[in-house]
Structures are given as structure tokens and as C-alpha cells.
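Asker: Encoded as C-alpha cells, here's the structure I'll be asking about.
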Amino acid sequence: MEKFIVEGGVRLNGEVEISGAKNAAVAIIPAVILSDGPCVIENIPNISDVSVLFKILSEMGAVIRPINRSCVEIDATRAINPVVPYELARNMRASYYFLGALLGKFSRAEVSMPGGCDFGVRPIDQHIKGFESLGATVSVDHGMIDARAEHLTGGHIYFDVVSVGATINVMLAAVRAKGLTILENVAKEPHIVDLANFLNSMGADIRGAGTDVIKIHGVDFLHGTTYSIIPDQIEAGTYMVAAAATMGDVLIKNVIPKHLESITAKLIKAGASVIEYDDSIRVMRDGPLEKISLKTMPHPGFPTDMQPQMTTLLTVAEGTSIVTEGVWDNRFKYVDELRRMGAKIQVDGKVAVIEGVPSLTAAPVKATDLRAGAAMLIAALMAHGTTEIEEIYHIERGYEDIIQKFRCLGADIRKVELPDSVADKAI
Ligand SMILES: CC(=O)N[C@H]1[C@@H](OP(=O)(O)OP(=O)(O)OC[C@H]2O[C@@H](n3ccc(=O)[nH]c3=O)[C@H](O)[C@@H]2O)O[C@H](CO)[C@@H](O)[C@@H]1O
Ligand SMILES: C=C(OP(=O)(O)O)C(=O)O
């Protein structure tokens, strides 16, 4: 068992470099299957979700050649087995992008139901609706999703809900389909635009990514490409909140400030100072935190993947803050962990009412999911005393070198590995 041990109370100070975006990387890596040539992908984050995707690709017959720490060449042109093994796919959400990519290339895909963070039900009806509109037949049996078609043809799909995953999956399937596909009510997140840019760099014809309507003219051939993934909006936002939470002064480098605007606006409202540069952003705080209200929304609204970090910051704001989760039904599970640290939070369905306390105190806590884990780290940095965080594998799904990055900012954090026998006795 591995844990993080954090001594709280240090003001973060210095510079941190943001890695490539997890949620763009996990779409772009499966998308390489669509290419008729090898692709070089730069700015790949070194996180466990990416390692799992590489394992899946290798098992399917692709050749992955590391060029340096954040750059690989992927040649998926050799025999690709259109079945994604259950044991790997169920570990993460984005494994289901192999459905769209395999269907788009071979008109056949068999992929296990995906895993990912547990926010209650995470349906895939909109993905299925999209595939069916392109002419595929989809069935779900024994935990495997089977999608197949004679050949895919363009379709007109109006999504019932704005879904990042469905937008990406149907885009992948449509890129080589015959004719025109129109997707309406699509997600507009930066990673949607990044995937479209990647596919277009291989010769796809996708227009409108980043707006509500995406139009895709199917093409017969996609050539290899070299492409650099955008910086991670959520990793950057996490360090922004950590700087504000610890009364720090941190320059966050390799970011796209436009992607951070909704986070910047809320931090300023809560009492932090934020200065934007071309590709970096500086966050400072030397006064008290003030209560705010926020609601998470699809992009360009405040991102749900920043909700736990921001809620954690507000535990020590003066007054009562209100955070409404507008995307997921059940994304406040981590609140019980914050309560162990002295936070005063009442949750009623999708609304959390946070009554600010003067400070948090250290306690043993666990990461209940990826961003909840990041929130525990922020809480631990704010708290008096030594906090131990368990189940850190969630955090490692999406944050590259998080310990080293926080240490460079002055944090006192270490990772310890307990032999299972010691861990068992401790339970
Ligand atoms: C790998 C990845 O990129 N994960 C992100 C992606 O997840 P993911 O792509 O799974 O999230 P979606 O955007 O699809 O989900 C948004 C909402 O739509 C609903 N829905 C979704 C699909 C569907 O077929 N039917 C349906 O009803 C969901 O229950 C949820 O309430 O976007 C979420 C919302 O920004 C983020 O929290 C996740 O970090
Ligand atoms: C929820 C997230 O990821 P996933 O969809 O991969 O579980 C996330 O990145 O915060």
C-alpha cells in the first residue's frame, strides 16, 4: 500500500511546469488507430491512464517507440486486433474511445464497459445513439460493448445531453465514414478542440470543434502526423488553487490562460491575485479568503473536475460558500474526508453549503477519486500537522510527478510504500 505523507502549513512559492492534458491525451492516443501512418505525439503526460492505454495498444499489435520522456511514436498500422481486453479497459474511463477509433477504422469494435472515477451512474447511451446513427449495430453483453457495421455512413446527431465522451467517440467513428456527419449540442472542452486539431493534422475534415455544432466530411485516408498535446487545464487549475490555499506565490508555466478563465475569475472573487502572461499564470494571496458561490457547467463554465479542489479552498473562507455540481449526480463523496479535517460542509444532493472555519487540522484521509485526491493534497497543505493520504493510485491516474512538483514549490510531501503485511496489520 502506498500513501502520501504531508506536513501542512507551508506557503507554496516558486514555479511549476504543467504537463500535457490527460483528457486530451486519452482521446488522442486511441485516435492513432485511425491513421494509415505512424504518428509522433509530443507533450504526453506521464500518468497511469496513459500507461494503461499504451498497454492496450501494444496488446492490440501497435508498436510504441519512446522518443523521450514526453514524446512517443505510435505505429498502429500493423494488424490491430479490434478487441480491447477487459482487465485493462475496466481500469479507466477513456478506454471506451477505442470503440469510436476501432469502429471508424475497421467497422468493428469490442471493448469492455469502462471504469474511471465513481460519480454514480455514468451512462453511455449518447455514445450508442451516435454510433447507431452512423449505421452501426451496438450490443452490450457480459460487460462487453460490441459495435459493428457493414460500413459507416455520415449521420445527423443531436445529443440529448452535452457529453465530452460521446462527442469524442462519435467524432472518432465519423472521421472516415462515407459522407457528411453533423453533430449538434456537442461538448466544447479544450480537449475536444485538441482532438479535432490532431485528426485534421492527419488529413481529416472536421470543422466547428469548440462550438455547439461539429461538421465532419468523411475521408478515405489519414496520413501520419506529428502533434503536441495541449497543456492540462485541470492540473494547472489544481496548482492555482493550491497557491491560493497556502497563501503562496506560484508561477504556473506552460498553460493556455484562456482555458483557465473560469477558474481565474472564481479565485479572484475569493480574494487571490492572478496575473496572466502569454503562456503562464501567477497566483498569489496575502489576505483573507472570501465566500463565493459557484456552479459547475460544461465548458466554458466552471469545470466539474475543479470542483473538489475549489470546495476545499472554501472550507477556510470567511462566511458561507455554496458549490453546486451541475454535471454529475454524485460528486461530493470526498466531503466526508474533509470533515475529518475539521471542515464544516453540508451536502444536499448536488449542492454543498460550506461554512468557513479558521483552519483545517491534519487527519488520516483517502483519495476517493482522482480530483478528490488532489483536493485532499490541497487540504493537507493547508492543515496544521501531518496528514496521511491513502488510495493515491487515483491521483496518479492524472497528475504527473505530483510529489516532485509540489516539493519544488516548498511543500513537505513524501510518498511511502508499506509492505502489504504491515498495511494489513494496520487495518
Ligand atoms: C476522460 C474524460 O475526458 N473524462 C472527463 C469527461 O467524462 P465523460 O466524458 O464521462 O463525461 P460526459 O461529459 O460524458 O458526462 C457529462 C454528463 O452527461 C451524462 N451522460 C454522458 C454520456 C451519455 O451517454 N449519457 C449521459 O447521460 C453524464 O451522466 C454526465 O451527467 O467529461 C467530464 C465532464 O467534463 C469530466 O468530469 C471527466 O473528467
Ligand atoms: C473524472 C475524471 O476522469 P475520468 O473520466 O477518466 O474518470 C477527471 O479527469 O477528473
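Ligands are numbered from 1 in the order shown, chains are lettered A, B, ... in the order of the C-alpha cells, and residues start at 1 in each chain.
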Name each residue within 9 Å of ligand 2, counting only C-alpha atoms and all ligand atoms, as a ChimeraX atom specification.
Answerer: /A:22-23,26,49,92-95,115-119,165,234,304-306,369-372,397-398
Asker: Can you pull out the residues contacting Arg207 in chain A? Cut-off 10 Å, using only C-alpha atoms, and skip same-chain residues under 2 positions away; I want them as a list in words.
Answerer: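 Here the answer would be Ile182, Val193, Ala196, Asn197, Asn200, Ala204, Asp205, Ala209, Gly210, Thr211, Val213, Ile214, Lys215, Ile216 and His217 of chain A.
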Asker: Using C-alpha atoms, can you export the residues from the last selection as a PDB file, in the first residue's frame?
Answerer:
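The file below, selection.pdb, is the result:
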```
ATOM      1  CA  ILE A 182     -23.338  16.740 -38.292  1.00  0.00           C
ATOM      2  CA  VAL A 193     -10.741  21.034 -29.983  1.00  0.00           C
ATOM      3  CA  ALA A 196     -10.162  17.711 -33.810  1.00  0.00           C
ATOM      4  CA  ASN A 197      -6.866  19.536 -34.477  1.00  0.00           C
ATOM      5  CA  ASN A 200      -7.218  17.377 -39.028  1.00  0.00           C
ATOM      6  CA  ALA A 204      -9.425  14.689 -41.552  1.00  0.00           C
ATOM      7  CA  ASP A 205     -12.042  17.308 -42.419  1.00  0.00           C
ATOM      8  CA  ALA A 209     -14.919  21.952 -32.785  1.00  0.00           C
ATOM      9  CA  GLY A 210     -15.213  24.357 -29.837  1.00  0.00           C
ATOM     10  CA  THR A 211     -18.712  25.464 -30.942  1.00  0.00           C
ATOM     11  CA  VAL A 213     -22.055  22.108 -33.916  1.00  0.00           C
ATOM     12  CA  ILE A 214     -19.313  19.946 -35.428  1.00  0.00           C
ATOM     13  CA  LYS A 215     -19.358  19.014 -39.133  1.00  0.00           C
ATOM     14  CA  ILE A 216     -17.268  16.113 -40.359  1.00  0.00           C
ATOM     15  CA  HIS A 217     -16.740  15.216 -44.016  1.00  0.00           C
TER      16      HIS A 217
END
```
Asker: Please, which residues have at least one atom within 6 Å of an atom of ligand 1, using only C-alpha atoms and all ligand atoms, listed as a PyMOL selection string?
Answerer: chain A and resi 23+93-94+122-127+161-166+298+304-305+327-328
Asker: Between CA of Val357 in chain A and CA of Gly237 in chain A, what is the distance, to one decimal in Å?
Answerer: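 Computed distance, CA of Val357 in chain A to CA of Gly237 in chain A, equals 23.1 Å.
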Asker: Please report, as JSON, numbers by chain, each residue of range 142-359 of chain A to which DSSP assigns strand (DSSP E or B) when run on this structure's backbone.
Answerer: {"A": [144, 145, 146, 147, 148, 153, 156, 157, 158, 178, 180, 181, 182, 183, 184, 205, 206, 207, 209, 211, 213, 214, 215, 216, 217, 226, 227, 228, 231, 249, 250, 251, 252, 253, 273, 274, 275, 276, 280, 281, 282, 283, 284, 290, 293, 294, 295, 296, 302, 318, 320, 321, 322, 323, 324, 344, 345, 346, 347, 348, 351, 352, 353, 354, 355]}
Asker: Write the residues of the selection above to a file with C-alpha atoms, as a compact mmCIF listing (two decimals), in the first residue's frame.
Answerer:
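Generated file (part-v9.txt):
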```
# COMPACT_ATOMS: atom_id res chain seq x y z
CA MET A 144 -18.51 -6.04 -23.27
CA ILE A 145 -19.76 -3.44 -25.75
CA ASP A 146 -19.87 -4.76 -29.29
CA ALA A 147 -20.26 -2.28 -32.16
CA ARG A 148 -20.19 -3.25 -35.81
CA THR A 153 -22.16 6.44 -43.31
CA HIS A 156 -27.10 13.89 -38.22
CA ILE A 157 -27.00 13.53 -34.44
CA TYR A 158 -28.50 15.86 -31.87
CA LYS A 178 -18.85 7.98 -46.00
CA LEU A 180 -21.18 14.26 -44.02
CA THR A 181 -21.80 13.88 -40.28
CA ILE A 182 -23.34 16.74 -38.29
CA LEU A 183 -23.09 16.63 -34.50
CA GLU A 184 -25.27 19.10 -32.59
CA ASP A 205 -12.04 17.31 -42.42
CA ILE A 206 -13.59 18.41 -39.12
CA ARG A 207 -15.00 21.89 -38.64
CA ALA A 209 -14.92 21.95 -32.78
CA THR A 211 -18.71 25.46 -30.94
CA VAL A 213 -22.05 22.11 -33.92
CA ILE A 214 -19.31 19.95 -35.43
CA LYS A 215 -19.36 19.01 -39.13
CA ILE A 216 -17.27 16.11 -40.36
CA HIS A 217 -16.74 15.22 -44.02
CA THR A 226 3.49 14.92 -35.52
CA TYR A 227 1.33 16.59 -32.91
CA SER A 228 1.82 18.25 -29.50
CA PRO A 231 -1.34 21.75 -21.51
CA ASP A 249 3.02 32.90 -4.74
CA VAL A 250 3.34 30.47 -7.66
CA LEU A 251 4.10 30.94 -11.34
CA ILE A 252 2.37 28.16 -13.28
CA LYS A 253 4.13 27.67 -16.61
CA SER A 273 -4.50 37.79 -7.12
CA VAL A 274 -3.99 36.32 -10.57
CA ILE A 275 -1.73 37.70 -13.30
CA GLU A 276 -1.94 36.23 -16.81
CA SER A 280 1.95 31.21 -17.81
CA ILE A 281 -0.15 32.44 -14.92
CA ARG A 282 0.85 33.69 -11.46
CA VAL A 283 -1.37 33.16 -8.43
CA MET A 284 -0.77 34.89 -5.09
CA GLU A 290 -13.96 35.35 0.99
CA SER A 293 -20.89 30.69 -4.94
CA LEU A 294 -20.17 28.57 -7.97
CA LYS A 295 -21.86 26.04 -10.19
CA THR A 296 -20.01 23.58 -12.37
CA PHE A 302 -16.51 26.27 -14.29
CA GLU A 318 -14.89 33.76 5.72
CA THR A 320 -20.76 30.53 3.89
CA SER A 321 -19.99 29.45 0.32
CA ILE A 322 -22.27 27.44 -1.94
CA VAL A 323 -20.99 24.99 -4.54
CA THR A 324 -23.49 23.39 -6.94
CA LYS A 344 -17.97 22.20 8.02
CA ILE A 345 -19.87 21.16 4.92
CA GLN A 346 -23.49 20.12 4.46
CA VAL A 347 -24.39 18.32 1.25
CA ASP A 348 -27.91 18.14 -0.09
CA VAL A 351 -25.41 21.34 -3.52
CA ALA A 352 -22.72 21.76 -0.86
CA VAL A 353 -23.00 24.50 1.73
CA ILE A 354 -19.59 25.29 3.16
CA GLU A 355 -19.32 27.21 6.40
```
Asker: Find the spatial neighbours of range 74-77 of chain A, counting only C-alpha atoms, within a cut-off of 10 Å - ignore same-chain residues fewer than 5 positions away - and output them as JSON, numbers by chain.
Answerer: {"A": [29, 30, 31, 32, 33, 34, 35, 36, 37, 38, 39, 40, 41, 54, 57, 58, 60, 61, 62, 63, 64, 65, 66, 224]}
Asker: Take the selection from the previous step and output its residues with N, CA and C atoms, as a PDB file, in the first residue's frame.
Answerer:
```
ATOM      1  N   ILE A  29      -4.492   9.324 -28.054  1.00  0.00           N
ATOM      2  CA  ILE A  29      -3.737   8.052 -28.174  1.00  0.00           C
ATOM      3  C   ILE A  29      -4.586   6.974 -28.872  1.00  0.00           C
ATOM      4  N   PRO A  30      -5.827   6.717 -28.442  1.00  0.00           N
ATOM      5  CA  PRO A  30      -6.629   5.737 -29.211  1.00  0.00           C
ATOM      6  C   PRO A  30      -6.892   6.199 -30.645  1.00  0.00           C
ATOM      7  N   ALA A  31      -6.953   7.518 -30.863  1.00  0.00           N
ATOM      8  CA  ALA A  31      -7.258   8.032 -32.205  1.00  0.00           C
ATOM      9  C   ALA A  31      -6.172   7.678 -33.217  1.00  0.00           C
ATOM     10  N   VAL A  32      -4.979   7.351 -32.745  1.00  0.00           N
ATOM     11  CA  VAL A  32      -3.883   6.996 -33.652  1.00  0.00           C
ATOM     12  C   VAL A  32      -4.254   5.767 -34.496  1.00  0.00           C
ATOM     13  N   ILE A  33      -5.122   4.928 -33.959  1.00  0.00           N
ATOM     14  CA  ILE A  33      -5.576   3.742 -34.708  1.00  0.00           C
ATOM     15  C   ILE A  33      -6.155   4.119 -36.069  1.00  0.00           C
ATOM     16  N   LEU A  34      -6.767   5.312 -36.133  1.00  0.00           N
ATOM     17  CA  LEU A  34      -7.407   5.733 -37.389  1.00  0.00           C
ATOM     18  C   LEU A  34      -6.412   6.060 -38.486  1.00  0.00           C
ATOM     19  N   SER A  35      -5.143   6.257 -38.093  1.00  0.00           N
ATOM     20  CA  SER A  35      -4.150   6.738 -39.051  1.00  0.00           C
ATOM     21  C   SER A  35      -3.604   5.603 -39.931  1.00  0.00           C
ATOM     22  N   ASP A  36      -3.285   5.952 -41.180  1.00  0.00           N
ATOM     23  CA  ASP A  36      -2.654   4.979 -42.081  1.00  0.00           C
ATOM     24  C   ASP A  36      -1.131   5.091 -42.027  1.00  0.00           C
ATOM     25  N   GLY A  37      -0.611   5.909 -41.123  1.00  0.00           N
ATOM     26  CA  GLY A  37       0.848   6.025 -40.982  1.00  0.00           C
ATOM     27  C   GLY A  37       1.213   6.186 -39.521  1.00  0.00           C
ATOM     28  N   PRO A  38       2.489   6.060 -39.169  1.00  0.00           N
ATOM     29  CA  PRO A  38       2.904   6.248 -37.778  1.00  0.00           C
ATOM     30  C   PRO A  38       2.727   7.711 -37.341  1.00  0.00           C
ATOM     31  N   CYS A  39       2.438   7.915 -36.070  1.00  0.00           N
ATOM     32  CA  CYS A  39       2.237   9.273 -35.544  1.00  0.00           C
ATOM     33  C   CYS A  39       3.212   9.525 -34.405  1.00  0.00           C
ATOM     34  N   VAL A  40       3.732  10.749 -34.367  1.00  0.00           N
ATOM     35  CA  VAL A  40       4.589  11.147 -33.239  1.00  0.00           C
ATOM     36  C   VAL A  40       3.763  12.092 -32.370  1.00  0.00           C
ATOM     37  N   ILE A  41       3.613  11.714 -31.105  1.00  0.00           N
ATOM     38  CA  ILE A  41       2.809  12.541 -30.201  1.00  0.00           C
ATOM     39  C   ILE A  41       3.739  13.131 -29.140  1.00  0.00           C
ATOM     40  N   PHE A  54      -1.272   2.678 -23.446  1.00  0.00           N
ATOM     41  CA  PHE A  54      -0.139   2.109 -24.204  1.00  0.00           C
ATOM     42  C   PHE A  54      -0.152   0.585 -24.112  1.00  0.00           C
ATOM     43  N   LEU A  57      -2.845  -0.666 -26.452  1.00  0.00           N
ATOM     44  CA  LEU A  57      -2.410  -0.567 -27.858  1.00  0.00           C
ATOM     45  C   LEU A  57      -1.395  -1.652 -28.194  1.00  0.00           C
ATOM     46  N   SER A  58      -0.440  -1.877 -27.274  1.00  0.00           N
ATOM     47  CA  SER A  58       0.583  -2.902 -27.535  1.00  0.00           C
ATOM     48  C   SER A  58      -0.061  -4.263 -27.679  1.00  0.00           C
ATOM     49  N   MET A  60      -2.871  -4.892 -28.721  1.00  0.00           N
ATOM     50  CA  MET A  60      -3.619  -4.957 -29.983  1.00  0.00           C
ATOM     51  C   MET A  60      -2.691  -5.110 -31.180  1.00  0.00           C
ATOM     52  N   GLY A  61      -1.403  -4.948 -30.955  1.00  0.00           N
ATOM     53  CA  GLY A  61      -0.450  -5.133 -32.062  1.00  0.00           C
ATOM     54  C   GLY A  61       0.230  -3.861 -32.531  1.00  0.00           C
ATOM     55  N   ALA A  62      -0.042  -2.726 -31.882  1.00  0.00           N
ATOM     56  CA  ALA A  62       0.629  -1.477 -32.282  1.00  0.00           C
ATOM     57  C   ALA A  62       2.062  -1.471 -31.739  1.00  0.00           C
ATOM     58  N   VAL A  63       2.916  -0.683 -32.393  1.00  0.00           N
ATOM     59  CA  VAL A  63       4.307  -0.573 -31.931  1.00  0.00           C
ATOM     60  C   VAL A  63       4.497   0.824 -31.347  1.00  0.00           C
ATOM     61  N   ILE A  64       4.964   0.863 -30.086  1.00  0.00           N
ATOM     62  CA  ILE A  64       5.127   2.154 -29.411  1.00  0.00           C
ATOM     63  C   ILE A  64       6.602   2.374 -29.142  1.00  0.00           C
ATOM     64  N   ARG A  65       7.155   3.457 -29.714  1.00  0.00           N
ATOM     65  CA  ARG A  65       8.595   3.693 -29.585  1.00  0.00           C
ATOM     66  C   ARG A  65       8.788   5.016 -28.842  1.00  0.00           C
ATOM     67  N   PRO A  66       9.291   4.942 -27.585  1.00  0.00           N
ATOM     68  CA  PRO A  66       9.519   6.195 -26.859  1.00  0.00           C
ATOM     69  C   PRO A  66      10.626   7.006 -27.532  1.00  0.00           C
ATOM     70  N   GLY A 224       0.111   9.817 -41.405  1.00  0.00           N
ATOM     71  CA  GLY A 224       0.783  10.012 -40.113  1.00  0.00           C
ATOM     72  C   GLY A 224       1.015  11.492 -39.859  1.00  0.00           C
TER      73      GLY A 224
END
```
Asker: I'd like the interatomic distance between CA of Ile256 in chain A and CA of Ile378 in chain A, to a tenth of an Å.
Answerer: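 If I compute the distance from CA of Ile256 in chain A to CA of Ile378 in chain A, I get 22.4 Å.
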Asker: Show which residues sit within 7 Å of Leu360 in chain A, as a CSV table (one decimal) with C-alpha atoms, in the first residue's frame. Count only C-alpha atoms, and ignore same-chain residues fewer than 5 positions away.
Answerer:
```csv
chain,number,residue,atom,x,y,z
A,341,MET,CA,-10.0,17.5,8.9
A,342,GLY,CA,-12.5,19.9,10.6
A,343,ALA,CA,-14.3,21.2,7.5
A,382,MET,CA,-3.4,24.0,4.3
A,383,ALA,CA,-3.8,22.0,7.5
A,384,HIS,CA,-1.8,22.1,10.8
```
